[in-house]
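> Below is protein_10.cif; it holds mmCIF, C-alpha atoms.
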```cif
data_final
loop_
_atom_site.label_atom_id
_atom_site.label_comp_id
_atom_site.auth_asym_id
_atom_site.auth_seq_id
_atom_site.Cartn_x
_atom_site.Cartn_y
_atom_site.Cartn_z
CA MET M 1 239.00 117.23 13.71
CA THR M 2 237.64 118.33 10.39
CA LEU M 3 234.37 120.15 9.81
CA TRP M 4 232.90 116.91 8.47
CA GLY M 5 233.73 115.07 11.68
CA VAL M 6 232.35 117.87 13.86
CA LEU M 7 229.10 117.88 11.88
CA GLN M 8 228.84 114.15 12.23
CA VAL M 9 229.37 114.18 15.99
CA ILE M 10 226.76 116.92 16.41
CA THR M 11 224.28 114.93 14.30
CA LEU M 12 224.86 111.73 16.23
CA VAL M 13 224.46 113.45 19.61
CA LEU M 14 221.23 115.06 18.41
CA ILE M 15 219.94 111.68 17.20
CA VAL M 16 220.51 110.16 20.64
CA ALA M 17 218.92 113.20 22.27
CA GLY M 18 215.85 112.91 20.04
CA ALA M 19 215.49 109.20 20.75
CA ALA M 20 215.82 109.78 24.52
CA LEU M 21 213.25 112.56 24.29
CA ALA M 22 210.87 110.24 22.47
CA VAL M 23 211.13 107.76 25.34
CA TRP M 24 210.95 110.37 28.09
CA LEU M 25 208.00 112.48 26.92
CA ARG M 26 204.54 111.61 28.28
CA ASP M 27 202.62 113.43 25.57
CA LEU M 28 202.58 110.87 22.79
CA LEU M 29 202.17 113.40 19.99
CA ALA M 30 205.28 115.25 21.18
CA ALA M 31 207.12 111.93 21.44
CA VAL M 32 206.19 111.14 17.83
CA ILE M 33 207.50 114.53 16.72
CA ALA M 34 210.76 113.87 18.59
CA LEU M 35 211.01 110.48 16.87
CA ALA M 36 210.47 112.15 13.49
CA ALA M 37 213.21 114.69 14.26
CA ALA M 38 215.59 111.87 15.22
CA SER M 39 214.69 110.07 12.00
CA LEU M 40 215.31 113.16 9.88
CA LEU M 41 218.69 113.65 11.59
CA LEU M 42 219.46 109.99 10.92
CA SER M 43 218.78 110.62 7.25
CA LEU M 44 221.18 113.59 7.39
CA GLU M 45 223.74 111.29 8.97
CA PHE M 46 223.30 108.77 6.13
CA TYR M 47 223.83 111.60 3.68
CA LEU M 48 227.02 112.63 5.49
CA LEU M 49 228.20 109.03 5.26
CA GLN M 50 227.71 109.30 1.46
CA ALA M 51 224.75 106.95 1.22
CA PRO M 52 222.13 109.16 -0.47
CA ASP M 53 220.01 106.14 -1.41
CA VAL M 54 219.46 105.20 2.19
CA ALA M 55 219.05 108.86 3.13
CA ILE M 56 216.12 109.31 0.73
CA ALA M 57 214.50 106.09 1.92
CA GLU M 58 214.94 107.06 5.57
CA ALA M 59 213.55 110.56 5.00
CA GLY M 60 210.54 109.16 3.15
CA ILE M 61 209.73 106.19 5.36
CA GLY M 62 211.09 107.13 8.77
CA ALA M 63 210.39 110.84 8.91
CA ALA M 64 207.20 111.13 6.89
CA LEU M 65 205.21 107.91 6.67
CA THR M 66 205.93 106.51 10.12
CA THR M 67 205.00 109.87 11.64
CA ALA M 68 201.77 109.90 9.63
CA ILE M 69 200.86 106.40 10.78
CA TYR M 70 201.65 107.20 14.43
CA VAL M 71 199.66 110.43 14.26
CA LEU M 72 196.70 108.53 12.81
CA ALA M 73 196.96 105.88 15.54
CA ILE M 74 197.11 108.56 18.25
CA ARG M 75 194.11 110.31 16.73
CA LYS M 76 192.14 107.07 16.98
CA THR M 77 193.22 106.35 20.59
CA ARG M 78 194.47 108.46 23.49
CA ARG M 79 197.02 111.24 23.43
CA LYS M 80 198.43 110.92 26.94
CA GLU M 81 200.46 107.99 28.14
CA GLU M 82 199.13 106.33 31.29
CA GLU M 83 201.04 104.57 34.01
CA MET A 1 217.70 92.92 41.76
CA LYS A 2 218.11 96.50 40.60
CA TRP A 3 221.90 96.31 40.82
CA VAL A 4 221.89 93.16 38.70
CA ARG A 5 220.07 95.04 35.98
CA VAL A 6 222.44 98.01 36.20
CA GLY A 7 225.41 95.66 36.09
CA ALA A 8 224.04 93.84 33.05
CA LEU A 9 223.41 97.16 31.30
CA LEU A 10 226.95 98.36 32.07
CA LEU A 11 228.32 95.04 30.81
CA VAL A 12 226.43 95.35 27.52
CA VAL A 13 227.53 98.98 27.07
CA GLY A 14 231.13 98.01 27.79
CA LEU A 15 230.97 95.15 25.30
CA LEU A 16 229.53 97.47 22.64
CA PHE A 17 232.26 100.07 23.18
CA GLY A 18 234.88 97.34 23.09
CA ALA A 19 233.47 96.05 19.80
CA ALA A 20 233.47 99.60 18.41
CA ALA A 21 237.13 100.00 19.35
CA TRP A 22 237.93 96.64 17.81
CA MET A 23 236.29 97.48 14.46
CA ARG A 24 238.12 98.32 11.28
CA PRO A 25 239.08 101.98 10.83
CA PHE A 26 236.14 104.06 9.69
CA GLY A 27 235.67 104.49 5.95
CA ARG A 28 237.95 101.59 5.05
CA PRO A 29 235.82 98.47 4.63
CA SER A 30 237.39 95.08 4.26
CA LEU A 31 238.41 94.19 0.74
CA ALA A 32 236.15 91.96 -1.30
CA GLU A 33 236.37 90.84 -4.89
CA MET A 34 232.79 91.72 -5.69
CA ASP A 35 233.20 95.46 -5.00
CA ALA A 36 235.76 96.03 -7.72
CA TYR A 37 233.82 93.80 -10.10
CA PHE A 38 230.59 95.73 -9.65
CA ILE A 39 232.25 99.13 -9.90
CA GLN A 40 234.18 98.25 -13.05
CA LYS A 41 231.65 96.12 -14.92
CA ALA A 42 228.25 97.52 -13.92
CA GLN A 43 228.25 100.33 -16.47
CA ALA A 44 228.90 97.98 -19.38
CA GLU A 45 226.82 95.02 -18.23
CA ALA A 46 223.74 96.58 -16.68
CA GLY A 47 223.87 99.72 -18.79
CA ALA A 48 223.20 102.14 -15.95
CA ASN A 49 225.33 104.79 -14.32
CA ASN A 50 223.92 104.17 -10.87
CA VAL A 51 225.79 101.10 -9.67
CA VAL A 52 223.53 100.73 -6.63
CA THR A 53 220.44 100.41 -8.81
CA SER A 54 222.14 97.94 -11.11
CA VAL A 55 223.06 95.83 -8.09
CA VAL A 56 219.56 96.08 -6.62
CA PHE A 57 217.61 95.32 -9.80
CA ASP A 58 220.05 93.30 -11.88
CA TYR A 59 222.76 91.43 -9.99
CA ARG A 60 220.70 90.93 -6.85
CA GLY A 61 217.26 90.89 -8.38
CA PHE A 62 216.08 88.06 -6.16
CA ASP A 63 216.64 90.24 -3.09
CA THR A 64 214.40 92.91 -4.56
CA LEU A 65 211.79 90.29 -5.40
CA GLY A 66 211.84 89.21 -1.76
CA GLU A 67 211.57 92.80 -0.60
CA ALA A 68 208.59 93.36 -2.89
CA THR A 69 207.01 90.20 -1.47
CA VAL A 70 207.55 91.46 2.08
CA LEU A 71 205.90 94.77 1.24
CA PHE A 72 203.00 92.99 -0.46
CA CYS A 73 202.51 90.74 2.58
CA ALA A 74 202.56 93.77 4.89
CA VAL A 75 199.91 95.56 2.86
CA VAL A 76 197.78 92.41 2.66
CA GLY A 77 198.10 91.99 6.43
CA VAL A 78 196.99 95.55 7.12
CA ALA A 79 194.09 95.15 4.70
CA LEU A 80 193.06 91.90 6.39
CA VAL A 81 193.22 93.33 9.91
CA LEU A 82 191.40 96.53 8.99
CA ARG A 83 189.03 95.01 6.42
CA ARG A 84 185.91 96.21 8.21
CA VAL A 85 186.38 99.73 6.87
CA LEU A 86 185.97 98.54 3.31
CA ARG A 87 182.34 97.68 3.78
CA MET S 1 192.99 120.25 9.81
CA THR S 2 193.29 124.04 9.98
CA VAL S 3 193.44 126.35 6.99
CA VAL S 4 197.19 126.89 7.50
CA VAL S 5 197.90 123.18 7.15
CA ARG S 6 195.60 122.92 4.13
CA THR S 7 197.21 125.83 2.33
CA VAL S 8 200.75 124.59 2.96
CA ALA S 9 199.76 121.07 1.90
CA ARG S 10 198.16 122.40 -1.28
CA ILE S 11 201.37 124.22 -2.19
CA ILE S 12 203.92 121.63 -1.14
CA ALA S 13 202.26 118.34 -2.12
CA PRO S 14 202.71 118.77 -5.91
CA MET S 15 206.40 119.49 -5.33
CA ILE S 16 206.83 116.33 -3.24
CA LEU S 17 204.98 114.30 -5.87
CA ALA S 18 207.19 115.74 -8.61
CA PHE S 19 210.33 114.96 -6.61
CA GLY S 20 209.13 111.40 -6.06
CA GLY S 21 208.48 111.02 -9.78
CA TYR S 22 211.94 112.41 -10.51
CA VAL S 23 213.60 109.98 -8.12
CA ILE S 24 211.76 107.05 -9.72
CA MET S 25 212.36 108.20 -13.29
CA HIS S 26 216.08 108.85 -12.83
CA GLY S 27 216.62 105.83 -10.60
CA HIS S 28 219.23 104.37 -12.93
CA LEU S 29 221.23 107.62 -13.09
CA THR S 30 221.01 109.41 -9.75
CA PRO S 31 220.74 108.13 -6.17
CA GLY S 32 217.38 106.65 -5.41
CA GLY S 33 215.15 104.28 -7.26
CA GLY S 34 211.71 102.80 -7.22
CA PHE S 35 211.48 102.19 -3.49
CA GLN S 36 212.82 105.59 -2.42
CA GLY S 37 210.78 107.58 -4.92
CA GLY S 38 207.68 105.59 -4.11
CA ALA S 39 208.13 106.31 -0.41
CA VAL S 40 208.52 110.04 -1.10
CA ALA S 41 205.41 110.13 -3.32
CA ALA S 42 203.42 108.08 -0.79
CA SER S 43 204.37 110.60 1.91
CA ALA S 44 202.83 113.30 -0.29
CA LEU S 45 199.65 111.21 -0.53
CA ALA S 46 199.65 110.81 3.27
CA LEU S 47 200.09 114.58 3.69
CA LEU S 48 197.13 115.27 1.40
CA ALA S 49 194.97 112.64 3.06
CA ILE S 50 195.71 113.80 6.61
CA SER S 51 195.29 117.50 5.92
CA PHE S 52 192.10 117.26 3.82
CA GLY S 53 190.37 114.47 5.75
CA PHE S 54 189.94 110.89 4.67
CA GLY S 55 186.31 111.00 3.61
CA ARG S 56 186.90 112.07 0.03
CA TRP S 57 189.67 109.49 -0.50
CA LYS S 58 187.42 106.48 0.06
CA GLY S 59 186.92 105.90 -3.67
CA ILE S 60 190.65 105.67 -4.38
CA LYS S 61 191.05 102.37 -2.54
CA ALA S 62 190.18 100.12 -5.49
CA PRO S 63 192.51 101.90 -7.97
CA LEU S 64 195.32 101.65 -5.40
CA SER S 65 194.83 97.89 -5.06
CA PHE S 66 194.85 97.60 -8.86
CA LEU S 67 198.07 99.64 -9.10
CA GLU S 68 199.77 97.52 -6.45
CA ASP S 69 198.92 94.30 -8.29
CA LEU S 70 199.96 95.88 -11.60
CA GLY S 71 203.34 96.92 -10.17
CA ALA S 72 204.06 93.51 -8.67
CA LEU S 73 203.04 91.66 -11.84
CA ALA S 74 205.06 94.01 -14.05
CA PHE S 75 208.13 93.49 -11.85
CA VAL S 76 207.89 89.70 -12.03
CA ALA S 77 207.16 89.85 -15.77
CA LEU S 78 210.26 91.98 -16.34
CA GLY S 79 212.23 89.42 -14.35
CA PHE S 80 210.86 86.65 -16.59
CA LEU S 81 211.86 88.65 -19.68
CA GLY S 82 215.38 87.30 -19.39
CA ILE S 83 214.40 83.71 -18.72
CA GLY S 84 216.19 82.69 -21.92
CA TYR S 85 219.48 83.27 -20.06
CA THR S 86 218.68 83.48 -16.36
CA PHE S 87 215.94 84.93 -14.23
CA PHE S 88 216.40 88.74 -13.89
CA ARG S 89 218.86 88.86 -16.79
CA ASN S 90 218.98 92.38 -18.18
CA VAL S 91 218.21 91.59 -21.82
CA LEU S 92 217.35 95.14 -22.86
CA ALA S 93 220.67 96.71 -21.81
CA ALA S 94 222.79 98.01 -24.71
CA SER S 95 220.55 96.27 -27.24
CA GLY S 96 219.61 99.40 -29.15
CA GLY S 97 215.92 99.00 -28.40
CA LEU S 98 213.82 100.38 -25.58
CA PHE S 99 216.13 101.97 -22.96
CA GLY S 100 218.97 100.22 -24.76
CA ALA S 101 221.37 103.01 -25.70
CA PRO S 102 225.04 102.24 -25.08
CA VAL S 103 226.49 103.80 -21.96
CA PRO S 104 229.54 106.06 -22.26
CA PRO S 105 232.21 104.60 -19.97
CA GLY S 106 233.71 106.44 -17.04
CA PRO S 107 232.15 109.17 -14.92
CA ASN S 108 229.46 111.02 -16.86
CA PRO S 109 226.01 112.48 -16.24
CA GLY S 110 224.38 109.58 -18.06
CA LEU S 111 221.62 109.25 -20.59
CA LEU S 112 217.97 108.71 -19.72
CA GLU S 113 217.41 106.04 -22.34
CA THR S 114 220.01 103.65 -20.93
CA GLY S 115 219.63 100.90 -18.38
CA GLY S 116 217.64 98.21 -20.13
CA THR S 117 215.04 96.77 -17.78
CA LEU S 118 216.21 98.86 -14.81
CA PRO S 119 214.02 101.95 -15.46
CA LEU S 120 211.00 99.76 -16.17
CA MET S 121 211.58 97.82 -12.96
CA ASN S 122 212.00 101.14 -11.14
CA TRP S 123 208.60 102.25 -12.38
CA ALA S 124 207.03 98.91 -11.46
CA VAL S 125 208.43 98.95 -7.92
CA GLY S 126 207.64 102.65 -7.59
CA LEU S 127 203.99 102.12 -8.51
CA LYS S 128 203.84 99.19 -6.11
CA VAL S 129 205.35 101.14 -3.21
CA ILE S 130 203.15 104.21 -3.80
CA ALA S 131 200.01 102.08 -3.95
CA GLY S 132 200.99 99.84 -1.03
CA LEU S 133 202.06 102.51 1.45
CA GLY S 134 199.26 104.83 0.33
CA SER S 135 196.64 102.15 0.92
CA VAL S 136 198.14 101.34 4.34
CA VAL S 137 197.83 104.98 5.41
CA LEU S 138 194.36 105.20 3.89
CA LEU S 139 193.14 102.05 5.66
CA LEU S 140 194.52 103.23 9.00
CA GLY S 141 192.88 106.61 8.54
CA LEU S 142 189.51 105.19 7.56
CA PHE S 143 189.51 102.66 10.40
CA GLY S 144 186.98 103.17 13.16
CA GLY S 145 184.87 105.76 11.43
CA GLU S 146 185.44 109.30 10.30
CA ASP S 147 186.38 111.92 12.88
CA ASP S 148 187.65 114.89 10.97
CA ARG S 149 189.44 117.17 13.40
#
```
What would you get if you wrote out this structure as structure tokens?

Amino acid sequence: MTLWGVLQVITLVLIVAGAALAVWLRDLLAAVIALAAASLLLSLEFYLLQAPDVAIAEAGIGAALTTAIYVLAIRKTRRKEEE
Amino acid sequence: MKWVRVGALLLVVGLLFGAAAWMRPFGRPSLAEMDAYFIQKAQAEAGANNVVTSVVFDYRGFDTLGEATVLFCAVVGVALVLRRVLR
Amino acid sequence: MTVVVRTVARIIAPMILAFGGYVIMHGHLTPGGGFQGGAVAASALALLAISFGFGRWKGIKAPLSFLEDLGALAFVALGFLGIGYTFFRNVLAASGGLFGAPVPPGPNPGLLETGGTLPLMNWAVGLKVIAGLGSVVLLLGLFGGEDDR
């Protein structure tokens, strides 16, 4: 397998790990940060797939703005998830 | 009831993996006439080096108009729901 | 926010804004375009607003609404510019006028004054996306009163 393929597999595994972490964490702020990390890795994956347009859009919307909106919503409500 | 859910989940995962194995080889999309047309003619017709932008704003301008409408509706919706803060 | 966040935001926000402007301005030459550059610039606005508190940004709401309307109207007007042929016809491309320089064929770095209506539409959509996403973040931040932590 080439270096490109290895990098891609690592990125994809980390994306799934970040998404699972975002579901599993009880602290909502930490879950949002995990979601942002997964989103940033997804933008790296788009870049590796030679789609820089989508990569810029994903980094701007998914990693930055969505995180900002979630952080604002958590600031207005509660930080801990309740059963 | 739990085992039904697990079975359904396994079925969906199996179907997804089967579909992934059945896909075209990676990096070789199916041939279409429009691809070659855009790549060859976009520089002369739309006058831009970025073929993606010339597709988004020139050949498929209606799509972008719809996207702009969606964004506008989203912003208007947020402003309507949260309009109390403006006073 | 703390002084660390404020200092980092003060340094890094102009760079993000400049990168967003670059992505919008060179949308017809390099990857990106109005939507992507607008999203990047709006994330800089969100960074500034979150780190410095939302109280001082209350006055910017009306200009943002105006910019959003201006962007949308400019986009539709540029689409109507080619109504003599078809809607969204690129009439300015390779005409010798505004953004109308002929494009050298084949792979090349490109010229900034090419593209016809594409750069103008990029700016229109970029303004619209900056104003729209910025006002969404601003409204969410101002909702339910000011609690600056």
> Which value, in Å to one decimal, gives the distance between CA of Gly60 (chain M) and CA of Thr30 (chain S)?
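CA of Gly60 (chain M) sits 16.6 Å away from CA of Thr30 (chain S).
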> Name the residues within 10 Å of (213.3, 111.3, 2.6), counting all atoms listed in the file in the file's coordinates, and put them as a ChimeraX atom specification.
/M:39-40,43-44,52-65 /S:20,36-37,39-41,43
> Given the file shown, enumerate the residues that the PyMOL selection byres ((chain A) within 7 of (chain S)) captures and present them as a list in words.
Gln43, Ala44, Ala46, Gly47, Ala48, Asn49, Asn50, Thr53, Phe57, Asp58, Gly61, Val75, Val78, Leu82 and Val85 of chain A
> Would you mind exporting C-alpha atoms of the selected residues as a PDB file, in the frame of the given file?

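Output below, filename again_24.pdb:
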```
ATOM      1  CA  GLN A  43     228.250 100.330 -16.470  1.00  0.00           C
ATOM      2  CA  ALA A  44     228.900  97.980 -19.380  1.00  0.00           C
ATOM      3  CA  ALA A  46     223.740  96.580 -16.680  1.00  0.00           C
ATOM      4  CA  GLY A  47     223.870  99.720 -18.790  1.00  0.00           C
ATOM      5  CA  ALA A  48     223.200 102.140 -15.950  1.00  0.00           C
ATOM      6  CA  ASN A  49     225.330 104.790 -14.320  1.00  0.00           C
ATOM      7  CA  ASN A  50     223.920 104.170 -10.870  1.00  0.00           C
ATOM      8  CA  THR A  53     220.440 100.410  -8.810  1.00  0.00           C
ATOM      9  CA  PHE A  57     217.610  95.320  -9.800  1.00  0.00           C
ATOM     10  CA  ASP A  58     220.050  93.300 -11.880  1.00  0.00           C
ATOM     11  CA  GLY A  61     217.260  90.890  -8.380  1.00  0.00           C
ATOM     12  CA  VAL A  75     199.910  95.560   2.860  1.00  0.00           C
ATOM     13  CA  VAL A  78     196.990  95.550   7.120  1.00  0.00           C
ATOM     14  CA  LEU A  82     191.400  96.530   8.990  1.00  0.00           C
ATOM     15  CA  VAL A  85     186.380  99.730   6.870  1.00  0.00           C
TER      16      VAL A  85
END
```
> Specify as a ChimeraX atom specification all residues of chain A found within 12 Å of chain M, counting only C-alpha atoms.
/A:26-27,50-53,56
> Show me, as a PyMOL selection string, the residues that have an atom within 10 Å of Ala20 (chain M) when counting only C-alpha atoms, minus same-chain residues fewer than 5 positions from it.
chain M and resi 14-15+25+31+34-35+38
> My list of candidates is S:Leu78, S:Ile11, S:Ala18, S:Ala49. Which is closest to chain M when distances are computed with only C-alpha atoms?
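Ranking S:Leu78, S:Ile11, S:Ala18, S:Ala49 by distance to chain M, first place goes to S:Ala49.
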> Could you state the separation of CA of Phe52 (chain S) and CA of Thr7 (chain S) in Å, given to one decimal place?
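Spanning CA of Phe52 (chain S) to CA of Thr7 (chain S) is a straight-line distance of 10.1 Å.
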> Neighbours of Glu82 (chain M) within 10 Å (all atoms listed in the file; same-chain residues fewer than 2 positions away dropped), as a CSV table (one decimal) with C-alpha atoms, in the frame of the given file?

```csv
chain,number,residue,atom,x,y,z
M,26,ARG,CA,204.5,111.6,28.3
M,27,ASP,CA,202.6,113.4,25.6
M,78,ARG,CA,194.5,108.5,23.5
M,79,ARG,CA,197.0,111.2,23.4
M,80,LYS,CA,198.4,110.9,26.9
```
> One decimal, in Å: what's the spacing between CA of Leu73 (chain S) and CA of Ile16 (chain S)?
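Spanning CA of Leu73 (chain S) to CA of Ile16 (chain S) is a straight-line distance of 26.4 Å.
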> Using 4 Å of padding on each side, determine the axis-aligned box around all atoms of region 86-92 of chain S present in the file and give its centre and edge lengths in Å to one decimal, as AutoDock Vina command-line options.

```
--center_x 217.5 --center_y 89.3 --center_z -18.4 --size_x 11.0 --size_y 19.7 --size_z 17.0
```
> Just the residues within 8 Å of Ala68 (chain M), please, counting all atoms listed in the file, with nothing from its chain fewer than 2 positions along; format it as a PyMOL selection string.
(chain M and resi 64-66+70-72) or (chain S and resi 46-47+50+137)
> For region 80-101 of chain S, supply N, CA and C atoms and format the output as an mmCIF file, in the coordinates of the input.

```cif
data_model
loop_
_atom_site.group_PDB
_atom_site.id
_atom_site.type_symbol
_atom_site.label_atom_id
_atom_site.label_comp_id
_atom_site.auth_asym_id
_atom_site.auth_seq_id
_atom_site.Cartn_x
_atom_site.Cartn_y
_atom_site.Cartn_z
ATOM 1 N N PHE S 80 210.972 87.814 -15.695
ATOM 2 C CA PHE S 80 210.860 86.650 -16.590
ATOM 3 C C PHE S 80 211.303 86.972 -18.013
ATOM 4 N N LEU S 81 211.463 88.269 -18.333
ATOM 5 C CA LEU S 81 211.860 88.650 -19.680
ATOM 6 C C LEU S 81 213.205 88.034 -20.056
ATOM 7 N N GLY S 82 214.070 87.843 -19.089
ATOM 8 C CA GLY S 82 215.380 87.300 -19.390
ATOM 9 C C GLY S 82 215.499 85.823 -19.120
ATOM 10 N N ILE S 83 214.369 85.110 -19.106
ATOM 11 C CA ILE S 83 214.400 83.710 -18.720
ATOM 12 C C ILE S 83 215.152 82.869 -19.746
ATOM 13 N N GLY S 84 215.388 83.418 -20.951
ATOM 14 C CA GLY S 84 216.190 82.690 -21.920
ATOM 15 C C GLY S 84 217.608 82.473 -21.446
ATOM 16 N N TYR S 85 218.166 83.435 -20.663
ATOM 17 C CA TYR S 85 219.480 83.270 -20.060
ATOM 18 C C TYR S 85 219.327 82.809 -18.619
ATOM 19 N N THR S 86 218.961 83.779 -17.764
ATOM 20 C CA THR S 86 218.680 83.480 -16.360
ATOM 21 C C THR S 86 217.532 84.376 -15.935
ATOM 22 N N PHE S 87 216.944 84.039 -14.816
ATOM 23 C CA PHE S 87 215.940 84.930 -14.230
ATOM 24 C C PHE S 87 216.598 86.260 -13.882
ATOM 25 N N PHE S 88 215.895 87.386 -14.150
ATOM 26 C CA PHE S 88 216.400 88.740 -13.890
ATOM 27 C C PHE S 88 217.599 89.105 -14.737
ATOM 28 N N ARG S 89 217.817 88.428 -15.854
ATOM 29 C CA ARG S 89 218.860 88.860 -16.790
ATOM 30 C C ARG S 89 218.398 90.140 -17.492
ATOM 31 N N ASN S 90 219.317 91.090 -17.600
ATOM 32 C CA ASN S 90 218.980 92.380 -18.180
ATOM 33 C C ASN S 90 219.130 92.297 -19.699
ATOM 34 N N VAL S 91 218.080 91.833 -20.383
ATOM 35 C CA VAL S 91 218.210 91.590 -21.820
ATOM 36 C C VAL S 91 218.137 92.863 -22.636
ATOM 37 N N LEU S 92 217.540 93.928 -22.081
ATOM 38 C CA LEU S 92 217.350 95.140 -22.860
ATOM 39 C C LEU S 92 218.576 96.049 -22.853
ATOM 40 N N ALA S 93 219.541 95.793 -21.956
ATOM 41 C CA ALA S 93 220.670 96.710 -21.810
ATOM 42 C C ALA S 93 221.553 96.659 -23.051
ATOM 43 N N ALA S 94 221.866 97.856 -23.573
ATOM 44 C CA ALA S 94 222.790 98.010 -24.710
ATOM 45 C C ALA S 94 222.367 97.165 -25.907
ATOM 46 N N SER S 95 221.032 97.032 -26.099
ATOM 47 C CA SER S 95 220.550 96.270 -27.240
ATOM 48 C C SER S 95 220.101 97.189 -28.372
ATOM 49 N N GLY S 96 220.034 98.469 -28.121
ATOM 50 C CA GLY S 96 219.610 99.400 -29.150
ATOM 51 C C GLY S 96 218.114 99.634 -29.177
ATOM 52 N N GLY S 97 217.371 98.856 -28.394
ATOM 53 C CA GLY S 97 215.920 99.000 -28.400
ATOM 54 C C GLY S 97 215.467 99.960 -27.323
ATOM 55 N N LEU S 98 214.379 99.552 -26.648
ATOM 56 C CA LEU S 98 213.820 100.380 -25.580
ATOM 57 C C LEU S 98 214.821 100.493 -24.430
ATOM 58 N N PHE S 99 215.160 101.705 -24.033
ATOM 59 C CA PHE S 99 216.130 101.970 -22.960
ATOM 60 C C PHE S 99 217.452 101.239 -23.221
ATOM 61 N N GLY S 100 217.810 101.055 -24.461
ATOM 62 C CA GLY S 100 218.970 100.220 -24.760
ATOM 63 C C GLY S 100 220.145 100.962 -25.358
ATOM 64 N N ALA S 101 220.236 102.266 -25.139
ATOM 65 C CA ALA S 101 221.370 103.010 -25.700
ATOM 66 C C ALA S 101 222.666 102.599 -25.008
#
```
